[in-house]
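Next comes upload16.cif, a file with mmCIF, C-alpha atoms.
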data_model
#
loop_
_atom_site.label_atom_id
_atom_site.label_comp_id
_atom_site.auth_asym_id
_atom_site.auth_seq_id
_atom_site.Cartn_x
_atom_site.Cartn_y
_atom_site.Cartn_z
CA SER A 1 -7.78 -41.55 15.74
CA LEU A 2 -6.19 -40.76 12.37
CA GLU A 3 -3.02 -42.55 11.31
CA GLY A 4 -2.34 -43.46 14.92
CA LYS A 5 -2.93 -39.90 16.16
CA VAL A 6 -5.66 -39.34 18.74
CA ILE A 7 -7.91 -36.44 17.69
CA GLY A 8 -10.54 -36.72 20.39
CA VAL A 9 -12.95 -39.00 22.19
CA LEU A 10 -16.59 -39.69 21.33
CA GLU A 11 -18.48 -41.34 24.21
CA LEU A 12 -21.93 -43.00 24.03
CA LEU A 13 -23.99 -43.17 27.20
CA THR A 14 -27.41 -44.42 28.21
CA ARG A 15 -29.43 -43.57 31.28
CA ALA A 16 -28.93 -45.72 34.35
CA GLY A 17 -31.36 -48.61 34.35
CA SER A 18 -32.22 -48.16 30.68
CA ALA A 19 -32.94 -51.29 28.69
CA VAL A 20 -31.41 -49.73 25.54
CA LYS A 21 -28.31 -51.54 24.37
CA PHE A 22 -25.92 -50.51 21.60
CA ASP A 23 -25.57 -53.10 18.85
CA GLU A 24 -22.94 -53.51 16.14
CA ASP A 25 -24.86 -51.27 13.68
CA ASP A 26 -24.83 -48.44 16.25
CA ILE A 27 -21.10 -48.91 16.74
CA ARG A 28 -20.45 -48.79 12.98
CA VAL A 29 -22.48 -45.58 12.59
CA VAL A 30 -20.77 -43.91 15.52
CA THR A 31 -17.34 -45.03 14.27
CA LEU A 32 -18.11 -43.53 10.86
CA MET A 33 -19.22 -40.26 12.50
CA ALA A 34 -16.11 -40.22 14.67
CA GLY A 35 -13.89 -40.72 11.63
CA GLN A 36 -15.53 -37.87 9.73
CA ALA A 37 -15.37 -35.58 12.77
CA GLY A 38 -11.71 -36.46 13.29
CA ARG A 39 -10.83 -35.65 9.68
CA ALA A 40 -12.71 -32.34 9.89
CA ILE A 41 -10.95 -31.36 13.12
CA ASP A 42 -7.58 -32.39 11.71
CA ALA A 43 -8.19 -30.37 8.53
CA ALA A 44 -9.23 -27.30 10.56
CA ARG A 45 -6.11 -27.56 12.71
CA GLY A 46 -3.95 -27.93 9.60
CA LEU A 47 -5.56 -24.86 8.03
CA GLU A 48 -4.97 -22.82 11.18
CA GLN A 49 -1.33 -23.89 11.24
CA ARG A 50 -0.88 -22.91 7.59
CA LEU A 51 -2.55 -19.55 8.18
CA GLN A 52 -0.33 -18.96 11.18
CA ALA A 53 2.74 -19.83 9.12
CA GLN A 54 1.59 -17.45 6.37
CA ARG A 55 1.06 -14.65 8.89
CA LEU A 56 4.53 -15.20 10.33
CA GLU A 57 6.01 -15.29 6.83
CA THR A 58 4.23 -12.04 5.92
CA LEU A 59 5.37 -10.39 9.15
CA SER A 60 8.92 -11.55 8.52
CA LEU A 61 8.77 -10.18 4.98
CA VAL A 62 7.51 -6.81 6.23
CA ILE A 63 10.20 -6.57 8.91
CA ARG A 64 12.99 -7.50 6.50
CA GLY A 65 11.72 -5.00 3.96
CA VAL A 66 11.39 -2.15 6.44
CA VAL A 67 14.81 -2.82 7.98
CA HIS A 68 16.39 -2.91 4.52
CA ASP A 69 14.64 0.22 3.29
CA VAL A 70 15.17 2.28 6.44
CA ARG A 71 18.89 1.46 6.42
CA ASN A 72 19.42 3.31 3.13
CA PRO A 73 18.07 6.74 4.19
CA LEU A 74 19.77 6.36 7.57
CA THR A 75 23.08 5.92 5.75
CA PHE A 76 22.43 9.10 3.77
CA ILE A 77 21.41 10.99 6.91
CA ASN A 78 24.60 9.91 8.64
CA GLY A 79 26.73 11.03 5.69
CA TYR A 80 25.07 14.41 5.35
CA ALA A 81 25.23 14.96 9.13
CA GLU A 82 28.99 14.41 8.96
CA LEU A 83 29.17 16.94 6.10
CA LEU A 84 27.30 19.51 8.21
CA GLY A 85 29.87 19.07 10.94
CA GLU A 86 32.84 19.39 8.61
CA THR A 87 31.98 22.25 6.25
CA GLN A 88 31.16 25.91 6.69
CA ASP A 89 30.22 26.33 3.01
CA ALA A 90 26.66 27.70 3.02
CA PRO A 91 25.44 26.02 -0.22
CA GLN A 92 26.81 22.65 0.91
CA ARG A 93 25.19 23.02 4.30
CA ASP A 94 21.87 23.90 2.67
CA GLN A 95 22.15 20.87 0.40
CA ALA A 96 22.96 18.59 3.34
CA ARG A 97 20.09 19.97 5.41
CA ASP A 98 17.59 19.47 2.57
CA ALA A 99 18.86 15.94 1.94
CA ILE A 100 18.49 15.02 5.61
CA TYR A 101 14.94 16.40 5.61
CA ARG A 102 14.00 14.39 2.49
CA ASN A 103 15.40 11.17 3.93
CA VAL A 104 13.57 11.68 7.22
CA GLN A 105 10.39 12.13 5.17
CA ASP A 106 11.12 8.84 3.40
CA ILE A 107 11.45 6.98 6.71
CA ASP A 108 8.26 8.57 8.00
CA GLU A 109 6.43 7.54 4.80
CA MET A 110 7.62 3.93 5.13
CA LEU A 111 6.47 3.71 8.75
CA ARG A 112 3.09 5.25 7.92
CA GLU A 113 2.60 2.79 5.05
CA LEU A 114 3.37 -0.08 7.39
CA ALA A 115 0.98 1.28 10.03
CA ASP A 116 -1.80 1.80 7.46
CA PHE A 117 -1.33 -1.68 6.03
CA THR A 118 -1.41 -3.46 9.38
CA ALA A 119 -4.28 -1.36 10.77
CA GLY A 120 -6.59 -2.20 7.87
CA SER A 121 -9.03 0.50 9.01
CA ASP A 122 -11.86 1.32 6.60
CA THR A 123 -12.95 4.46 8.46
CA THR A 124 -13.01 7.71 6.50
CA HIS A 125 -13.62 11.19 7.88
CA LYS A 126 -14.99 13.14 4.96
CA LYS A 127 -15.35 16.89 4.91
CA PRO A 128 -15.44 19.59 2.21
CA THR A 129 -11.95 19.67 0.69
CA ASP A 130 -10.46 22.05 -1.86
CA ILE A 131 -9.01 19.72 -4.50
CA VAL A 132 -7.04 22.47 -6.23
CA GLU A 133 -5.34 23.40 -2.98
CA LEU A 134 -4.71 19.75 -2.12
CA VAL A 135 -3.07 18.94 -5.47
CA ASN A 136 -0.98 22.10 -5.47
CA ASP A 137 0.21 21.46 -1.91
CA VAL A 138 1.34 17.94 -2.80
CA VAL A 139 3.23 19.14 -5.87
CA LYS A 140 4.81 21.96 -3.84
CA GLN A 141 5.96 19.43 -1.25
CA PHE A 142 7.68 17.24 -3.85
CA ARG A 143 9.00 19.93 -6.19
CA PRO A 144 12.40 20.20 -4.42
CA ARG A 145 12.83 16.44 -4.77
CA ALA A 146 11.91 16.61 -8.44
CA GLU A 147 14.34 19.47 -9.02
CA ALA A 148 17.10 17.52 -7.28
CA ALA A 149 16.38 14.65 -9.71
CA ARG A 150 16.34 17.14 -12.63
CA THR A 151 12.74 16.27 -13.36
CA LYS A 152 10.19 18.86 -14.44
CA VAL A 153 6.69 18.74 -12.91
CA ASN A 154 3.74 20.35 -14.72
CA VAL A 155 0.32 20.84 -13.12
CA ARG A 156 -2.91 21.21 -15.10
CA ILE A 157 -6.11 21.77 -13.15
CA ARG A 158 -9.46 22.02 -14.93
CA LEU A 159 -12.00 22.35 -12.14
CA PRO A 160 -13.68 25.73 -12.72
CA ASP A 161 -16.86 24.83 -10.84
CA ALA A 162 -15.89 21.76 -8.82
CA ARG A 163 -13.04 22.72 -6.52
CA ILE A 164 -14.76 21.34 -3.43
CA ALA A 165 -15.35 17.63 -2.86
CA SER A 166 -16.35 15.57 0.16
CA LEU A 167 -13.07 13.76 0.95
CA ASP A 168 -10.98 12.43 3.75
CA ALA A 169 -8.24 14.99 3.13
CA PRO A 170 -5.30 13.16 4.77
CA LYS A 171 -6.05 9.92 2.93
CA SER A 172 -6.61 11.70 -0.39
CA ARG A 173 -3.33 13.56 0.11
CA ARG A 174 -1.56 10.26 0.78
CA VAL A 175 -2.88 8.80 -2.47
CA ILE A 176 -1.71 11.70 -4.63
CA SER A 177 1.58 12.04 -2.71
CA ASN A 178 2.39 8.40 -3.23
CA LEU A 179 1.75 8.61 -6.97
CA VAL A 180 3.83 11.78 -7.37
CA LYS A 181 6.67 10.29 -5.33
CA ASN A 182 6.58 7.10 -7.41
CA ALA A 183 6.60 9.14 -10.62
CA ILE A 184 9.70 11.06 -9.55
CA GLU A 185 11.50 7.83 -8.71
CA ALA A 186 10.47 6.22 -12.00
CA THR A 187 11.44 9.17 -14.21
CA PRO A 188 15.03 9.46 -15.48
CA SER A 189 17.00 12.70 -15.18
CA GLY A 190 15.67 15.28 -17.63
CA GLY A 191 12.24 13.67 -17.73
CA ARG A 192 8.82 15.16 -17.21
CA ILE A 193 5.89 14.51 -14.87
CA THR A 194 2.39 15.84 -15.44
CA VAL A 195 -0.26 16.08 -12.72
CA VAL A 196 -3.80 16.72 -13.99
CA ALA A 197 -7.09 17.25 -12.15
CA VAL A 198 -10.35 17.33 -14.12
CA ARG A 199 -14.04 16.82 -13.53
CA TYR A 200 -16.20 14.35 -15.44
CA LYS A 201 -19.87 14.16 -14.50
CA THR A 202 -20.03 13.53 -10.72
CA ASP A 203 -16.40 12.55 -10.25
CA VAL A 204 -13.03 14.23 -10.11
CA TYR A 205 -10.10 12.53 -11.82
CA VAL A 206 -6.50 13.08 -10.82
CA TRP A 207 -3.83 11.48 -12.92
CA VAL A 208 -0.07 11.45 -12.59
CA ARG A 209 1.91 10.72 -15.75
CA ASP A 210 5.65 10.13 -15.94
CA SER A 211 8.09 9.68 -18.80
CA GLY A 212 9.80 6.65 -17.31
CA ARG A 213 10.45 3.23 -18.78
CA GLY A 214 6.99 1.84 -18.13
CA VAL A 215 5.81 -1.18 -16.16
CA PRO A 216 6.41 -4.70 -17.55
CA PRO A 217 3.30 -6.84 -18.21
CA GLU A 218 4.31 -9.42 -15.59
CA VAL A 219 4.36 -6.68 -12.95
CA MET A 220 1.19 -4.92 -14.15
CA THR A 221 -1.00 -7.90 -13.22
CA ARG A 222 0.18 -7.67 -9.60
CA LEU A 223 0.93 -3.96 -9.33
CA PHE A 224 -1.62 -3.21 -6.61
CA GLU A 225 -0.82 -6.25 -4.48
CA PRO A 226 1.04 -5.75 -1.19
CA PHE A 227 4.87 -5.95 -1.34
CA VAL A 228 5.00 -5.58 -5.14
CA THR A 229 7.38 -2.87 -6.32
CA HIS A 230 9.11 -1.99 -9.57
CA GLY A 231 11.62 0.58 -10.76
CA LYS A 232 12.49 1.81 -7.26
CA LYS A 233 15.62 1.39 -5.19
CA GLY A 234 13.67 1.28 -1.94
CA GLY A 235 10.16 1.26 -0.55
CA THR A 236 7.93 -1.19 1.26
CA GLY A 237 5.90 -2.21 -1.79
CA LEU A 238 2.75 -1.24 0.13
CA GLY A 239 2.12 2.23 -1.33
CA LEU A 240 -0.05 1.33 -4.32
CA SER A 241 -1.99 -1.24 -2.32
CA ILE A 242 -2.82 1.45 0.23
CA CYS A 243 -3.67 3.94 -2.55
CA ARG A 244 -6.22 1.55 -3.99
CA ARG A 245 -7.73 0.86 -0.57
CA PHE A 246 -8.03 4.56 0.29
CA ALA A 247 -9.63 5.35 -3.08
CA GLU A 248 -12.12 2.49 -2.74
CA GLN A 249 -13.04 3.70 0.77
CA HIS A 250 -14.19 6.92 -0.94
CA GLY A 251 -16.21 4.95 -3.49
CA GLY A 252 -13.53 5.58 -6.11
CA GLU A 253 -10.76 3.62 -7.76
CA VAL A 254 -7.14 3.74 -8.96
CA GLY A 255 -6.02 2.46 -12.35
CA CYS A 256 -2.82 2.35 -14.35
CA ARG A 257 -1.92 2.58 -18.03
CA THR A 258 1.62 2.06 -19.24
CA ARG A 259 3.69 1.75 -22.41
CA MET A 260 7.15 0.29 -22.26
CA GLY A 261 9.72 2.95 -23.06
CA LYS A 262 7.05 5.68 -23.04
CA GLY A 263 5.98 6.06 -19.44
CA THR A 264 3.12 5.34 -17.06
CA ARG A 265 -0.09 7.11 -16.05
CA PHE A 266 -1.91 6.43 -12.79
CA ILE A 267 -5.53 7.59 -12.71
CA VAL A 268 -7.47 8.23 -9.49
CA ARG A 269 -11.26 8.62 -9.58
CA LEU A 270 -12.95 10.18 -6.54
CA PRO A 271 -16.66 11.04 -6.23
CA LEU A 272 -17.39 14.72 -5.59
CA GLU A 273 -20.04 13.82 -3.01
#

How does the structure come out when it is put into structure tokens?
Amino acid sequence: SLEGKVIGVLELLTRAGSAVKFDEDDIRVVTLMAGQAGRAIDAARGLEQRLQAQRLETLSLVIRGVVHDVRNPLTFINGYAELLGETQDAPQRDQARDAIYRNVQDIDEMLRELADFTAGSDTTHKKPTDIVELVNDVVKQFRPRAEAARTKVNVRIRLPDARIASLDAPKSRRVISNLVKNAIEATPSGGRITVVAVRYKTDVYVWVRDSGRGVPPEVMTRLFEPFVTHGKKGGTGLGLSICRRFAEQHGGEVGCRTRMGKGTRFIVRLPLE
């Protein structure tokens, strides 16, 4: 027992009819062993309880974050749906429809981030992928959102002989999409975002640069940790963590360079093969 708490029972037995008797030295040794075993078992149980508490705390944090972040786009969707029902003005209806679509996309992105984070799958399904097409498709998808935020997006692709790479296309698209989306949210009205794709040796580099306020040093050290977010009104805080994991699954990496008041550049390196 430890501090009056029974941890378990250690029993010593001899064969029936055996002449072997346990003396005081045997009892002392066994008592010492029982004490050490009891402390080890107690420590293991304590660790399991702490881990369980941490898992519950993490789950609670995720649920609170998702509920909070989903509520915002739902409020917008509700407002724009009411506008659709009240107005016959074509431009206003188009604006409301586009806003509803963007907010539904936001909710879908949050749920996918949560699913990716909890799944923790390291499986990649690589196949020949046209990087130029992939980057252009992502920019095309987010251009209406950038225009609504009065942000200009420039694309520079320098891959004359390396358009095709062996990638998991959906995961690679998620990485670039997340960085472009973050850049739009971090860039003030009238700002500029640049998306560049270049080849260097056996790798392709894609970087997304914004003209936002930059990332503070205290956030930079934890930027790729789960639930860390900065400069955004919403979001799960899982996006960059998932980006890093997806890039590393390809044998690549994601880095960040920032200057306060000047902007931030995220750099993704992906092997061509």

Taking (-3.9, 12.8, -13.9) in the coordinates of the supplied file, I want to know which residues reach to within 7 Å of it, counting only C-alpha atoms; could you give the answer as a PDB file with C-alpha atoms, in the coordinates of the input?
ATOM      1  CA  VAL A 195      -0.260  16.080 -12.720  1.00  0.00           C
ATOM      2  CA  VAL A 196      -3.800  16.720 -13.990  1.00  0.00           C
ATOM      3  CA  ALA A 197      -7.090  17.250 -12.150  1.00  0.00           C
ATOM      4  CA  TYR A 205     -10.100  12.530 -11.820  1.00  0.00           C
ATOM      5  CA  VAL A 206      -6.500  13.080 -10.820  1.00  0.00           C
ATOM      6  CA  TRP A 207      -3.830  11.480 -12.920  1.00  0.00           C
ATOM      7  CA  VAL A 208      -0.070  11.450 -12.590  1.00  0.00           C
ATOM      8  CA  ARG A 209       1.910  10.720 -15.750  1.00  0.00           C
ATOM      9  CA  PHE A 266      -1.910   6.430 -12.790  1.00  0.00           C
ATOM     10  CA  ILE A 267      -5.530   7.590 -12.710  1.00  0.00           C
TER      11      ILE A 267
END

Report as AutoDock Vina command-line options the centre and the edge lengths, in Å to one decimal, of the axis-aligned box holding every listed atom of range 128-133 of chain A, padded by 8 Å on each side.
--center_x -10.4 --center_y 21.5 --center_z -2.0 --size_x 26.1 --size_y 19.8 --size_z 24.4

> So which residues are close to (25.3, 13.7, 7.9), meaning at most 12 Å away in the file's coordinates with only C-alpha atoms counted, and can you show them as a PyMOL selection string?
Replying inline: chain A and resi 73-87+92-101+103-104

>> Please expand the PyMOL selection byres ((chain A and resi 210) around 10) into the concrete residues it hits in this file, giving the result as an NGL selection string.
In response: :A and (151-153 or 179-180 or 182-188 or 191-195 or 208-209 or 211-214 or 258 or 262-266)

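Pairwise distance (CA of Tyr200 in chain A, CA of His125 in chain A) equals 23.7 Å.
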
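Computed from the coordinates, the CA of Ala149 in chain A to CA of Ser189 in chain A distance equals 5.8 Å.
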
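As for CA of Gln141 in chain A and CA of Ser177 in chain A, they are spaced 8.7 Å apart.
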
> Which of these, A:Ala165, A:Leu114, A:Ala44, A:Leu51, has the shortest distance to Asp130 in chain A once you count all atoms listed in the file?
Replying inline: A:Ala165

> Hey, what comes out of the PyMOL selection byres ((chain A and resi 250) around 10) on this file? Could you write it as an NGL selection string?
Replying inline: :A and (122-126 or 166-168 or 171-172 or 245-249 or 251-253 or 269-273)

Residue subset to file, keeping C-alpha atoms, as a PDB file, keeping the file's coordinate frame:
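And here's part-v3.pdb as it stands now:
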ATOM      1  CA  ASP A 122     -11.860   1.320   6.600  1.00  0.00           C
ATOM      2  CA  THR A 123     -12.950   4.460   8.460  1.00  0.00           C
ATOM      3  CA  THR A 124     -13.010   7.710   6.500  1.00  0.00           C
ATOM      4  CA  HIS A 125     -13.620  11.190   7.880  1.00  0.00           C
ATOM      5  CA  LYS A 126     -14.990  13.140   4.960  1.00  0.00           C
ATOM      6  CA  SER A 166     -16.350  15.570   0.160  1.00  0.00           C
ATOM      7  CA  LEU A 167     -13.070  13.760   0.950  1.00  0.00           C
ATOM      8  CA  ASP A 168     -10.980  12.430   3.750  1.00  0.00           C
ATOM      9  CA  LYS A 171      -6.050   9.920   2.930  1.00  0.00           C
ATOM     10  CA  SER A 172      -6.610  11.700  -0.390  1.00  0.00           C
ATOM     11  CA  ARG A 245      -7.730   0.860  -0.570  1.00  0.00           C
ATOM     12  CA  PHE A 246      -8.030   4.560   0.290  1.00  0.00           C
ATOM     13  CA  ALA A 247      -9.630   5.350  -3.080  1.00  0.00           C
ATOM     14  CA  GLU A 248     -12.120   2.490  -2.740  1.00  0.00           C
ATOM     15  CA  GLN A 249     -13.040   3.700   0.770  1.00  0.00           C
ATOM     16  CA  GLY A 251     -16.210   4.950  -3.490  1.00  0.00           C
ATOM     17  CA  GLY A 252     -13.530   5.580  -6.110  1.00  0.00           C
ATOM     18  CA  GLU A 253     -10.760   3.620  -7.760  1.00  0.00           C
ATOM     19  CA  ARG A 269     -11.260   8.620  -9.580  1.00  0.00           C
ATOM     20  CA  LEU A 270     -12.950  10.180  -6.540  1.00  0.00           C
ATOM     21  CA  PRO A 271     -16.660  11.040  -6.230  1.00  0.00           C
ATOM     22  CA  LEU A 272     -17.390  14.720  -5.590  1.00  0.00           C
ATOM     23  CA  GLU A 273     -20.040  13.820  -3.010  1.00  0.00           C
TER      24      GLU A 273
END

>> Going by the chain IDs and residue numbers used in this file, which residues fall under the PyMOL selection byres ((chain A and resi 220) around 12)? Write them as a list in words.
In response: Gly214, Val215, Pro216, Pro217, Glu218, Val219, Thr221, Arg222, Leu223, Phe224, Glu225, Val228, Thr229, His230, Leu240, Gly255, Cys256, Arg257, Thr258, Arg259, Met260, Thr264 and Phe266 of chain A

As a PDB file with C-alpha atoms, keeping the file's coordinate frame, please: the residues near Asp42 in chain A (cut-off 9 Å, all atoms listed in the file, same-chain neighbours under 4 positions excluded).
ATOM      1  CA  LEU A   2      -6.190 -40.760  12.370  1.00  0.00           C
ATOM      2  CA  ILE A   7      -7.910 -36.440  17.690  1.00  0.00           C
ATOM      3  CA  ALA A  37     -15.370 -35.580  12.770  1.00  0.00           C
ATOM      4  CA  GLY A  38     -11.710 -36.460  13.290  1.00  0.00           C
ATOM      5  CA  GLY A  46      -3.950 -27.930   9.600  1.00  0.00           C
ATOM      6  CA  LEU A  47      -5.560 -24.860   8.030  1.00  0.00           C
TER       7      LEU A  47
END

>> When you count only C-alpha atoms, which of these residues is closest to Arg143 in chain A: A:Val254, A:Leu238, A:Ala19, A:Val155?
In response: A:Val155

Could you rebuild range 94-119 of chain A with N, CA and C atoms and give me the result as a compact mmCIF listing (two decimals), in the frame of the given file?
# COMPACT_ATOMS: atom_id res chain seq x y z
N ASP A 94 23.28 23.90 3.09
CA ASP A 94 21.87 23.90 2.67
C ASP A 94 21.50 22.59 1.97
N GLN A 95 22.40 22.12 1.11
CA GLN A 95 22.15 20.87 0.40
C GLN A 95 22.06 19.70 1.37
N ALA A 96 22.96 19.67 2.35
CA ALA A 96 22.96 18.59 3.34
C ALA A 96 21.70 18.63 4.18
N ARG A 97 21.30 19.84 4.60
CA ARG A 97 20.09 19.97 5.41
C ARG A 97 18.86 19.49 4.65
N ASP A 98 18.74 19.90 3.38
CA ASP A 98 17.59 19.47 2.57
C ASP A 98 17.58 17.96 2.36
N ALA A 99 18.77 17.39 2.16
CA ALA A 99 18.86 15.94 1.94
C ALA A 99 18.46 15.18 3.19
N ILE A 100 18.88 15.67 4.35
CA ILE A 100 18.49 15.02 5.61
C ILE A 100 16.98 15.09 5.78
N TYR A 101 16.39 16.25 5.49
CA TYR A 101 14.94 16.40 5.61
C TYR A 101 14.20 15.43 4.69
N ARG A 102 14.66 15.29 3.44
CA ARG A 102 14.00 14.39 2.49
C ARG A 102 14.10 12.94 2.96
N ASN A 103 15.24 12.55 3.49
CA ASN A 103 15.40 11.17 3.93
C ASN A 103 14.59 10.87 5.19
N VAL A 104 14.45 11.86 6.07
CA VAL A 104 13.57 11.68 7.22
C VAL A 104 12.13 11.51 6.76
N GLN A 105 11.74 12.28 5.74
CA GLN A 105 10.39 12.13 5.17
C GLN A 105 10.19 10.73 4.61
N ASP A 106 11.22 10.19 3.96
CA ASP A 106 11.12 8.84 3.40
C ASP A 106 10.88 7.81 4.50
N ILE A 107 11.62 7.93 5.59
CA ILE A 107 11.45 6.98 6.71
C ILE A 107 10.05 7.11 7.28
N ASP A 108 9.59 8.35 7.46
CA ASP A 108 8.26 8.57 8.00
C ASP A 108 7.20 7.96 7.08
N GLU A 109 7.38 8.10 5.76
CA GLU A 109 6.43 7.54 4.80
C GLU A 109 6.39 6.02 4.89
N MET A 110 7.56 5.39 5.01
CA MET A 110 7.62 3.93 5.13
C MET A 110 6.88 3.45 6.38
N LEU A 111 7.10 4.12 7.50
CA LEU A 111 6.47 3.71 8.75
C LEU A 111 4.96 3.93 8.69
N ARG A 112 4.54 5.01 8.05
CA ARG A 112 3.09 5.25 7.92
C ARG A 112 2.44 4.21 7.01
N GLU A 113 3.13 3.83 5.93
CA GLU A 113 2.60 2.79 5.05
C GLU A 113 2.44 1.49 5.81
N LEU A 114 3.44 1.15 6.61
CA LEU A 114 3.37 -0.08 7.39
C LEU A 114 2.22 -0.02 8.39
N ALA A 115 2.06 1.13 9.05
CA ALA A 115 0.98 1.28 10.03
C ALA A 115 -0.38 1.19 9.34
N ASP A 116 -0.53 1.84 8.20
CA ASP A 116 -1.80 1.80 7.46
C ASP A 116 -2.13 0.39 7.00
N PHE A 117 -1.11 -0.33 6.54
CA PHE A 117 -1.33 -1.68 6.03
C PHE A 117 -1.76 -2.62 7.14
N THR A 118 -1.10 -2.54 8.29
CA THR A 118 -1.41 -3.46 9.38
C THR A 118 -2.71 -3.09 10.08
N ALA A 119 -3.04 -1.78 10.09
CA ALA A 119 -4.28 -1.36 10.77
C ALA A 119 -5.50 -1.84 10.02
